[in-house]
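What follows is the content of upload05.txt (compact mmCIF, N, CA and C atoms).
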# COMPACT_ATOMS: atom_id res chain seq x y z
N MET A 1342 0.85 -1.19 0.00
CA MET A 1342 0.00 0.00 0.00
C MET A 1342 0.89 1.25 0.00
N ASP A 1343 0.52 2.20 -0.81
CA ASP A 1343 1.22 3.48 -0.90
C ASP A 1343 0.68 4.39 0.20
N THR A 1344 1.41 4.50 1.32
CA THR A 1344 0.90 5.26 2.47
C THR A 1344 0.84 6.76 2.20
N VAL A 1345 1.73 7.29 1.39
CA VAL A 1345 1.68 8.72 1.07
C VAL A 1345 0.42 9.02 0.26
N ARG A 1346 0.13 8.18 -0.72
CA ARG A 1346 -1.08 8.35 -1.53
C ARG A 1346 -2.33 8.25 -0.64
N ALA A 1347 -2.37 7.23 0.20
CA ALA A 1347 -3.53 7.04 1.08
C ALA A 1347 -3.71 8.23 2.02
N THR A 1348 -2.62 8.74 2.55
CA THR A 1348 -2.69 9.90 3.45
C THR A 1348 -3.21 11.13 2.71
N ASN A 1349 -2.73 11.33 1.49
CA ASN A 1349 -3.20 12.48 0.69
C ASN A 1349 -4.69 12.35 0.37
N ILE A 1350 -5.14 11.15 0.02
CA ILE A 1350 -6.56 10.93 -0.26
C ILE A 1350 -7.38 11.14 1.01
N ALA A 1351 -6.91 10.62 2.13
CA ALA A 1351 -7.63 10.78 3.41
C ALA A 1351 -7.76 12.25 3.77
N THR A 1352 -6.72 13.03 3.55
CA THR A 1352 -6.78 14.46 3.85
C THR A 1352 -7.83 15.15 2.98
N LEU A 1353 -7.82 14.85 1.69
CA LEU A 1353 -8.82 15.44 0.79
C LEU A 1353 -10.24 14.99 1.16
N ASN A 1354 -10.39 13.72 1.52
CA ASN A 1354 -11.71 13.22 1.90
C ASN A 1354 -12.20 13.85 3.20
N ASP A 1355 -11.32 14.03 4.18
CA ASP A 1355 -11.73 14.68 5.43
C ASP A 1355 -12.14 16.13 5.17
N GLU A 1356 -11.37 16.84 4.36
CA GLU A 1356 -11.72 18.23 4.02
C GLU A 1356 -13.07 18.28 3.30
N PHE A 1357 -13.27 17.37 2.35
CA PHE A 1357 -14.53 17.33 1.61
C PHE A 1357 -15.71 17.02 2.55
N ARG A 1358 -15.54 16.02 3.39
CA ARG A 1358 -16.62 15.62 4.30
C ARG A 1358 -17.02 16.77 5.20
N LYS A 1359 -16.07 17.55 5.63
CA LYS A 1359 -16.35 18.68 6.53
C LYS A 1359 -16.86 19.92 5.78
N SER A 1360 -16.79 19.90 4.44
CA SER A 1360 -17.28 21.05 3.66
C SER A 1360 -18.80 20.99 3.45
N PHE A 1361 -19.35 19.80 3.54
CA PHE A 1361 -20.78 19.57 3.30
C PHE A 1361 -21.22 20.06 1.93
N GLN A 1362 -20.39 19.86 0.95
CA GLN A 1362 -20.74 20.11 -0.45
C GLN A 1362 -20.77 18.77 -1.15
N GLY A 1363 -21.72 18.58 -2.03
CA GLY A 1363 -21.78 17.33 -2.79
C GLY A 1363 -22.32 16.16 -1.99
N ILE A 1364 -23.28 16.42 -1.11
CA ILE A 1364 -23.87 15.37 -0.29
C ILE A 1364 -25.20 14.93 -0.88
N VAL A 1365 -25.41 13.63 -0.89
CA VAL A 1365 -26.67 13.04 -1.28
C VAL A 1365 -27.17 12.24 -0.08
N MET A 1366 -28.44 12.45 0.27
CA MET A 1366 -29.07 11.67 1.34
C MET A 1366 -30.20 10.86 0.74
N THR A 1367 -30.28 9.62 1.16
CA THR A 1367 -31.34 8.76 0.68
C THR A 1367 -32.67 9.14 1.34
N PRO A 1368 -33.79 8.71 0.76
CA PRO A 1368 -35.09 9.03 1.36
C PRO A 1368 -35.22 8.58 2.81
N GLY A 1369 -34.67 7.42 3.14
CA GLY A 1369 -34.75 6.94 4.52
C GLY A 1369 -34.04 7.85 5.49
N VAL A 1370 -32.92 8.41 5.11
CA VAL A 1370 -32.18 9.33 5.98
C VAL A 1370 -32.94 10.64 6.12
N ILE A 1371 -33.48 11.14 5.03
CA ILE A 1371 -34.22 12.40 5.07
C ILE A 1371 -35.41 12.31 6.01
N MET A 1372 -36.01 11.13 6.12
CA MET A 1372 -37.19 10.95 6.96
C MET A 1372 -36.85 10.82 8.45
N LEU A 1373 -35.59 10.67 8.79
CA LEU A 1373 -35.20 10.53 10.20
C LEU A 1373 -35.38 11.85 10.94
N SER A 1374 -35.60 11.73 12.24
CA SER A 1374 -35.65 12.94 13.06
C SER A 1374 -34.21 13.44 13.27
N ASN A 1375 -34.07 14.72 13.44
CA ASN A 1375 -32.79 15.37 13.73
C ASN A 1375 -31.72 15.07 12.68
N VAL A 1376 -32.04 15.32 11.42
CA VAL A 1376 -31.08 15.11 10.34
C VAL A 1376 -29.88 16.05 10.51
N LEU A 1377 -30.10 17.22 11.06
CA LEU A 1377 -28.99 18.13 11.30
C LEU A 1377 -27.98 17.52 12.27
N GLY A 1378 -28.47 16.89 13.32
CA GLY A 1378 -27.58 16.20 14.27
C GLY A 1378 -26.85 15.05 13.62
N LEU A 1379 -27.55 14.34 12.74
CA LEU A 1379 -26.92 13.22 12.03
C LEU A 1379 -25.79 13.73 11.14
N THR A 1380 -26.03 14.81 10.41
CA THR A 1380 -24.98 15.34 9.55
C THR A 1380 -23.80 15.85 10.37
N LYS A 1381 -24.06 16.37 11.54
CA LYS A 1381 -22.97 16.79 12.44
C LYS A 1381 -22.14 15.57 12.85
N LYS A 1382 -22.81 14.44 13.08
CA LYS A 1382 -22.07 13.23 13.44
C LYS A 1382 -21.18 12.76 12.29
N VAL A 1383 -21.68 12.88 11.05
CA VAL A 1383 -20.84 12.56 9.89
C VAL A 1383 -19.65 13.51 9.84
N TYR A 1384 -19.90 14.78 10.05
CA TYR A 1384 -18.84 15.80 10.06
C TYR A 1384 -17.77 15.47 11.09
N ASP A 1385 -18.20 15.06 12.28
CA ASP A 1385 -17.28 14.79 13.39
C ASP A 1385 -16.69 13.38 13.35
N PHE A 1386 -17.15 12.52 12.45
CA PHE A 1386 -16.73 11.12 12.44
C PHE A 1386 -15.21 11.00 12.39
N ASN A 1387 -14.68 10.18 13.28
CA ASN A 1387 -13.24 9.95 13.31
C ASN A 1387 -12.92 8.54 13.79
N ASP A 1388 -13.91 7.65 13.72
CA ASP A 1388 -13.75 6.29 14.21
C ASP A 1388 -13.31 5.36 13.08
N PHE A 1389 -12.19 5.69 12.46
CA PHE A 1389 -11.68 4.88 11.37
C PHE A 1389 -10.89 3.71 11.91
N THR A 1390 -11.23 2.51 11.46
CA THR A 1390 -10.58 1.28 11.92
C THR A 1390 -10.16 0.46 10.69
N GLU A 1391 -9.45 -0.62 10.93
CA GLU A 1391 -9.08 -1.51 9.84
C GLU A 1391 -10.32 -2.11 9.18
N ASP A 1392 -11.40 -2.29 9.96
CA ASP A 1392 -12.63 -2.87 9.41
C ASP A 1392 -13.33 -1.92 8.44
N ASN A 1393 -13.42 -0.64 8.79
CA ASN A 1393 -14.18 0.29 7.94
C ASN A 1393 -13.28 1.17 7.07
N ASP A 1394 -11.98 1.09 7.26
CA ASP A 1394 -11.06 1.93 6.48
C ASP A 1394 -9.77 1.16 6.17
N PRO A 1395 -9.89 0.01 5.50
CA PRO A 1395 -8.70 -0.83 5.29
C PRO A 1395 -7.62 -0.18 4.43
N TYR A 1396 -8.00 0.78 3.60
CA TYR A 1396 -7.02 1.45 2.74
C TYR A 1396 -6.59 2.81 3.29
N HIS A 1397 -7.10 3.16 4.46
CA HIS A 1397 -6.73 4.39 5.17
C HIS A 1397 -7.01 5.66 4.36
N GLU A 1398 -8.11 5.64 3.61
CA GLU A 1398 -8.47 6.78 2.76
C GLU A 1398 -9.63 7.60 3.31
N HIS A 1399 -10.21 7.19 4.42
CA HIS A 1399 -11.32 7.92 5.07
C HIS A 1399 -12.47 8.17 4.10
N ASP A 1400 -12.83 7.14 3.33
CA ASP A 1400 -13.90 7.28 2.34
C ASP A 1400 -15.20 6.59 2.75
N PHE A 1401 -15.26 6.05 3.96
CA PHE A 1401 -16.44 5.32 4.42
C PHE A 1401 -16.53 5.43 5.94
N GLY A 1402 -17.78 5.46 6.41
CA GLY A 1402 -18.01 5.43 7.85
C GLY A 1402 -19.36 4.81 8.15
N ALA A 1403 -19.50 4.29 9.36
CA ALA A 1403 -20.75 3.69 9.79
C ALA A 1403 -20.93 3.96 11.28
N PHE A 1404 -22.18 4.21 11.66
CA PHE A 1404 -22.49 4.43 13.07
C PHE A 1404 -23.98 4.24 13.30
N ASP A 1405 -24.37 4.12 14.55
CA ASP A 1405 -25.79 3.99 14.90
C ASP A 1405 -26.36 5.36 15.23
N TRP A 1406 -27.59 5.58 14.77
CA TRP A 1406 -28.27 6.86 14.99
C TRP A 1406 -29.75 6.60 15.24
N ASN A 1407 -30.20 6.88 16.43
CA ASN A 1407 -31.62 6.72 16.79
C ASN A 1407 -32.17 5.36 16.36
N GLY A 1408 -31.42 4.31 16.65
CA GLY A 1408 -31.88 2.95 16.36
C GLY A 1408 -31.66 2.49 14.93
N GLU A 1409 -31.03 3.31 14.11
CA GLU A 1409 -30.75 2.95 12.72
C GLU A 1409 -29.24 2.89 12.49
N ARG A 1410 -28.81 1.99 11.64
CA ARG A 1410 -27.41 1.93 11.23
C ARG A 1410 -27.26 2.86 10.04
N ILE A 1411 -26.34 3.82 10.16
CA ILE A 1411 -26.09 4.82 9.12
C ILE A 1411 -24.75 4.50 8.44
N LEU A 1412 -24.74 4.61 7.13
CA LEU A 1412 -23.51 4.46 6.35
C LEU A 1412 -23.28 5.73 5.55
N TRP A 1413 -22.04 6.12 5.42
CA TRP A 1413 -21.71 7.20 4.48
C TRP A 1413 -20.51 6.75 3.66
N LYS A 1414 -20.49 7.16 2.40
CA LYS A 1414 -19.46 6.73 1.47
C LYS A 1414 -19.13 7.86 0.52
N ILE A 1415 -17.86 8.09 0.29
CA ILE A 1415 -17.40 9.08 -0.68
C ILE A 1415 -16.96 8.34 -1.94
N ASP A 1416 -17.49 8.79 -3.08
CA ASP A 1416 -17.11 8.24 -4.38
C ASP A 1416 -16.49 9.35 -5.22
N TYR A 1417 -15.73 8.93 -6.24
CA TYR A 1417 -14.94 9.86 -7.04
C TYR A 1417 -15.40 9.82 -8.50
N TYR A 1418 -15.71 10.99 -9.03
CA TYR A 1418 -16.22 11.10 -10.40
C TYR A 1418 -15.47 12.18 -11.17
N ASP A 1419 -15.66 12.14 -12.50
CA ASP A 1419 -15.18 13.24 -13.33
C ASP A 1419 -16.13 14.43 -13.13
N GLN A 1420 -15.82 15.56 -13.74
CA GLN A 1420 -16.59 16.78 -13.52
C GLN A 1420 -18.03 16.68 -14.01
N THR A 1421 -18.32 15.75 -14.92
CA THR A 1421 -19.69 15.59 -15.41
C THR A 1421 -20.45 14.52 -14.64
N LEU A 1422 -19.81 13.94 -13.65
CA LEU A 1422 -20.41 12.86 -12.85
C LEU A 1422 -20.79 11.65 -13.71
N THR A 1423 -20.01 11.43 -14.77
CA THR A 1423 -20.29 10.34 -15.70
C THR A 1423 -19.37 9.14 -15.46
N TYR A 1424 -18.10 9.41 -15.22
CA TYR A 1424 -17.10 8.35 -15.08
C TYR A 1424 -16.37 8.48 -13.76
N GLY A 1425 -15.74 7.40 -13.35
CA GLY A 1425 -14.90 7.44 -12.18
C GLY A 1425 -13.66 8.28 -12.45
N GLU A 1426 -13.06 8.77 -11.38
CA GLU A 1426 -11.87 9.63 -11.51
C GLU A 1426 -10.89 9.27 -10.39
N ASP A 1427 -9.62 9.44 -10.66
CA ASP A 1427 -8.60 9.25 -9.64
C ASP A 1427 -8.85 10.27 -8.52
N PRO A 1428 -8.88 9.81 -7.26
CA PRO A 1428 -9.19 10.73 -6.16
C PRO A 1428 -8.16 11.83 -5.94
N LEU A 1429 -6.98 11.71 -6.54
CA LEU A 1429 -5.97 12.77 -6.41
C LEU A 1429 -5.94 13.69 -7.63
N SER A 1430 -6.73 13.39 -8.63
CA SER A 1430 -6.77 14.22 -9.82
C SER A 1430 -7.41 15.57 -9.51
N PRO A 1431 -6.89 16.66 -10.08
CA PRO A 1431 -7.54 17.96 -9.90
C PRO A 1431 -8.92 18.01 -10.54
N ASP A 1432 -9.21 17.05 -11.42
CA ASP A 1432 -10.52 16.98 -12.07
C ASP A 1432 -11.53 16.15 -11.28
N CYS A 1433 -11.11 15.60 -10.15
CA CYS A 1433 -11.98 14.73 -9.36
C CYS A 1433 -13.09 15.54 -8.68
N LYS A 1434 -14.30 15.04 -8.81
CA LYS A 1434 -15.45 15.61 -8.11
C LYS A 1434 -15.95 14.54 -7.14
N ARG A 1435 -15.92 14.86 -5.87
CA ARG A 1435 -16.35 13.92 -4.84
C ARG A 1435 -17.85 14.05 -4.60
N VAL A 1436 -18.47 12.91 -4.30
CA VAL A 1436 -19.87 12.87 -3.91
C VAL A 1436 -19.96 11.96 -2.68
N MET A 1437 -20.61 12.45 -1.64
CA MET A 1437 -20.80 11.63 -0.44
C MET A 1437 -22.28 11.27 -0.32
N THR A 1438 -22.53 9.98 -0.18
CA THR A 1438 -23.89 9.48 0.02
C THR A 1438 -24.03 9.07 1.48
N ILE A 1439 -25.11 9.55 2.11
CA ILE A 1439 -25.46 9.15 3.46
C ILE A 1439 -26.74 8.33 3.35
N MET A 1440 -26.72 7.11 3.89
CA MET A 1440 -27.86 6.21 3.72
C MET A 1440 -28.08 5.35 4.96
N LEU A 1441 -29.26 4.79 5.04
CA LEU A 1441 -29.52 3.76 6.04
C LEU A 1441 -28.88 2.47 5.54
N ALA A 1442 -28.35 1.69 6.45
CA ALA A 1442 -27.77 0.40 6.04
C ALA A 1442 -28.81 -0.45 5.35
N SER A 1443 -30.07 -0.34 5.77
CA SER A 1443 -31.15 -1.13 5.16
C SER A 1443 -31.43 -0.70 3.72
N GLU A 1444 -30.95 0.48 3.31
CA GLU A 1444 -31.15 0.95 1.93
C GLU A 1444 -30.01 0.53 1.00
N TYR A 1445 -28.97 -0.07 1.57
CA TYR A 1445 -27.81 -0.44 0.78
C TYR A 1445 -28.15 -1.57 -0.16
How does the structure come out when it is put into structure tokens?
Amino acid sequence: MDTVRATNIATLNDEFRKSFQGIVMTPGVIMLSNVLGLTKKVYDFNDFTEDNDPYHEHDFGAFDWNGERILWKIDYYDQTLTYGEDPLSPDCKRVMTIMLASEY
């Protein structure tokens, strides 16, 4: 594993996650109470382990929220959101999806 690459990707992903730009929430998440609190928990998430972050890129997280299992995932696209893109490319557009585990 290229640790410098992973560290650079993790830094960009943490910055993106805390910017709250490019977020998609599934219908199940939108229907939950206190969505603002839930998004704050995503913002503050720092419980990265070998199980949920094996590549050390900080592109996924999971936690419990009001009796529901919540997942969030960052994906990498080109500027038109048509194709995948290298996460270190200046042309990379990140999108974070927040969903219920039951919607996966």
### Message
Can you pull out the residues contacting Arg1346 (chain A)? Cut-off 8 Å, using only N, CA and C atoms, and skip same-chain residues under 6 positions away; I want them as a PyMOL selection string.
### Response
chain A and resi 1352+1396-1398
### Task
Please measure the separation of atom N of Leu1377 (chain A) and atom N of Leu1441 (chain A), giving the value in Å to one decimal.
13.8 Å
#### Entry: Distance in Å - atom C of Ala1442 (chain A) versus atom C of Gly1408 (chain A)
10.4 Å
### Query
Out of A:Thr1421, A:Ser1443, A:Asn1393, A:Thr1438, which residue has the shortest atom-to-atom distance to Val1365 (chain A) when counting only C-alpha atoms?
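Of A:Thr1421, A:Ser1443, A:Asn1393, A:Thr1438, the one nearest Val1365 (chain A), counting only C-alpha atoms, is A:Thr1438.
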### Message
Just to confirm, what's the straight-line distance from atom C of Ser1430 (chain A) to atom N of Asn1354 (chain A) in Å (one decimal)?
### Response
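Calculated distance between atom C of Ser1430 (chain A) and atom N of Asn1354 (chain A) is 11.6 Å.
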### Query
Please, which residues of region 1369-1441 of chain A, numbered as in this document, come out alpha helix (DSSP H) from DSSP, as a PyMOL selection string?
chain A and resi 1369-1371+1376-1385
### Message
Using only C-alpha atoms for the distances, tell me which of A:Leu1379, A:Pro1395, A:Gly1363, A:Asn1349 is nearest to Ile1415 (chain A).
### Response
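Looking at the shortest contact to Ile1415 (chain A), the residue is A:Gly1363.
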Write out as a PDB file with N, CA and C atoms, in the frame of the given file each polymer residue whose atoms come within 7 Å of region 1369-1372 of chain A, counting only C-alpha atoms; drop sequence neighbours fewer than 3 positions from it.
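The result, written out as out.pdb:
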ATOM      1  N   MET A1366     -28.440  12.450   0.270  1.00  0.00           N
ATOM      2  CA  MET A1366     -29.070  11.670   1.340  1.00  0.00           C
ATOM      3  C   MET A1366     -30.200  10.860   0.740  1.00  0.00           C
ATOM      4  N   VAL A1376     -32.040  15.320  11.420  1.00  0.00           N
ATOM      5  CA  VAL A1376     -31.080  15.110  10.340  1.00  0.00           C
ATOM      6  C   VAL A1376     -29.880  16.050  10.510  1.00  0.00           C
ATOM      7  N   MET A1440     -26.720   7.110   3.890  1.00  0.00           N
ATOM      8  CA  MET A1440     -27.860   6.210   3.720  1.00  0.00           C
ATOM      9  C   MET A1440     -28.080   5.350   4.960  1.00  0.00           C
ATOM     10  N   LEU A1441     -29.260   4.790   5.040  1.00  0.00           N
ATOM     11  CA  LEU A1441     -29.520   3.760   6.040  1.00  0.00           C
ATOM     12  C   LEU A1441     -28.880   2.470   5.540  1.00  0.00           C
TER      13      LEU A1441
END
### Query
Skipping near chain neighbours, those fewer than 6 positions away, what residues fall within 8 Å of Phe1401 (chain A) using only N, CA and C atoms, listed as a list in words?
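Selected residues are Asp1388, Phe1389, Asn1393, Asp1394, Leu1412, Trp1413, Lys1414, Ile1415 and Asp1416 of chain A.
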### Message
Which residues are near Leu1429 (chain A)? Cut-off 12 Å, only C-alpha atoms, ignore same chain within fewer than 2 positions. Put them as a VMD selection string.
### Response
chain A and resid 1345 to 1354 1398 1417 to 1419 1425 to 1427 1431 to 1435
### Message
Run DSSP on the backbone and tell me which residues of region 1347-1420 of chain A come out as strand (DSSP E or B); list them as a VMD selection string.
### Response
chain A and resid 1364 to 1366 1401 to 1406 1409 to 1418
Grab the residues selected above and save them as an mmCIF file, keeping the file's coordinate frame with N, CA and C atoms.
data_model
loop_
_atom_site.group_PDB
_atom_site.id
_atom_site.type_symbol
_atom_site.label_atom_id
_atom_site.label_comp_id
_atom_site.auth_asym_id
_atom_site.auth_seq_id
_atom_site.Cartn_x
_atom_site.Cartn_y
_atom_site.Cartn_z
ATOM 1 N N ILE A 1364 -23.280 16.420 -1.110
ATOM 2 C CA ILE A 1364 -23.870 15.370 -0.290
ATOM 3 C C ILE A 1364 -25.200 14.930 -0.880
ATOM 4 N N VAL A 1365 -25.410 13.630 -0.890
ATOM 5 C CA VAL A 1365 -26.670 13.040 -1.280
ATOM 6 C C VAL A 1365 -27.170 12.240 -0.080
ATOM 7 N N MET A 1366 -28.440 12.450 0.270
ATOM 8 C CA MET A 1366 -29.070 11.670 1.340
ATOM 9 C C MET A 1366 -30.200 10.860 0.740
ATOM 10 N N PHE A 1401 -15.260 6.050 3.960
ATOM 11 C CA PHE A 1401 -16.440 5.320 4.420
ATOM 12 C C PHE A 1401 -16.530 5.430 5.940
ATOM 13 N N GLY A 1402 -17.780 5.460 6.410
ATOM 14 C CA GLY A 1402 -18.010 5.430 7.850
ATOM 15 C C GLY A 1402 -19.360 4.810 8.150
ATOM 16 N N ALA A 1403 -19.500 4.290 9.360
ATOM 17 C CA ALA A 1403 -20.750 3.690 9.790
ATOM 18 C C ALA A 1403 -20.930 3.960 11.280
ATOM 19 N N PHE A 1404 -22.180 4.210 11.660
ATOM 20 C CA PHE A 1404 -22.490 4.430 13.070
ATOM 21 C C PHE A 1404 -23.980 4.240 13.300
ATOM 22 N N ASP A 1405 -24.370 4.120 14.550
ATOM 23 C CA ASP A 1405 -25.790 3.990 14.900
ATOM 24 C C ASP A 1405 -26.360 5.360 15.230
ATOM 25 N N TRP A 1406 -27.590 5.580 14.770
ATOM 26 C CA TRP A 1406 -28.270 6.860 14.990
ATOM 27 C C TRP A 1406 -29.750 6.600 15.240
ATOM 28 N N GLU A 1409 -31.030 3.310 14.110
ATOM 29 C CA GLU A 1409 -30.750 2.950 12.720
ATOM 30 C C GLU A 1409 -29.240 2.890 12.490
ATOM 31 N N ARG A 1410 -28.810 1.990 11.640
ATOM 32 C CA ARG A 1410 -27.410 1.930 11.230
ATOM 33 C C ARG A 1410 -27.260 2.860 10.040
ATOM 34 N N ILE A 1411 -26.340 3.820 10.160
ATOM 35 C CA ILE A 1411 -26.090 4.820 9.120
ATOM 36 C C ILE A 1411 -24.750 4.500 8.440
ATOM 37 N N LEU A 1412 -24.740 4.610 7.130
ATOM 38 C CA LEU A 1412 -23.510 4.460 6.350
ATOM 39 C C LEU A 1412 -23.280 5.730 5.550
ATOM 40 N N TRP A 1413 -22.040 6.120 5.420
ATOM 41 C CA TRP A 1413 -21.710 7.200 4.480
ATOM 42 C C TRP A 1413 -20.510 6.750 3.660
ATOM 43 N N LYS A 1414 -20.490 7.160 2.400
ATOM 44 C CA LYS A 1414 -19.460 6.730 1.470
ATOM 45 C C LYS A 1414 -19.130 7.860 0.520
ATOM 46 N N ILE A 1415 -17.860 8.090 0.290
ATOM 47 C CA ILE A 1415 -17.400 9.080 -0.680
ATOM 48 C C ILE A 1415 -16.960 8.340 -1.940
ATOM 49 N N ASP A 1416 -17.490 8.790 -3.080
ATOM 50 C CA ASP A 1416 -17.110 8.240 -4.380
ATOM 51 C C ASP A 1416 -16.490 9.350 -5.220
ATOM 52 N N TYR A 1417 -15.730 8.930 -6.240
ATOM 53 C CA TYR A 1417 -14.940 9.860 -7.040
ATOM 54 C C TYR A 1417 -15.400 9.820 -8.500
ATOM 55 N N TYR A 1418 -15.710 10.990 -9.030
ATOM 56 C CA TYR A 1418 -16.220 11.100 -10.400
ATOM 57 C C TYR A 1418 -15.470 12.180 -11.170
#
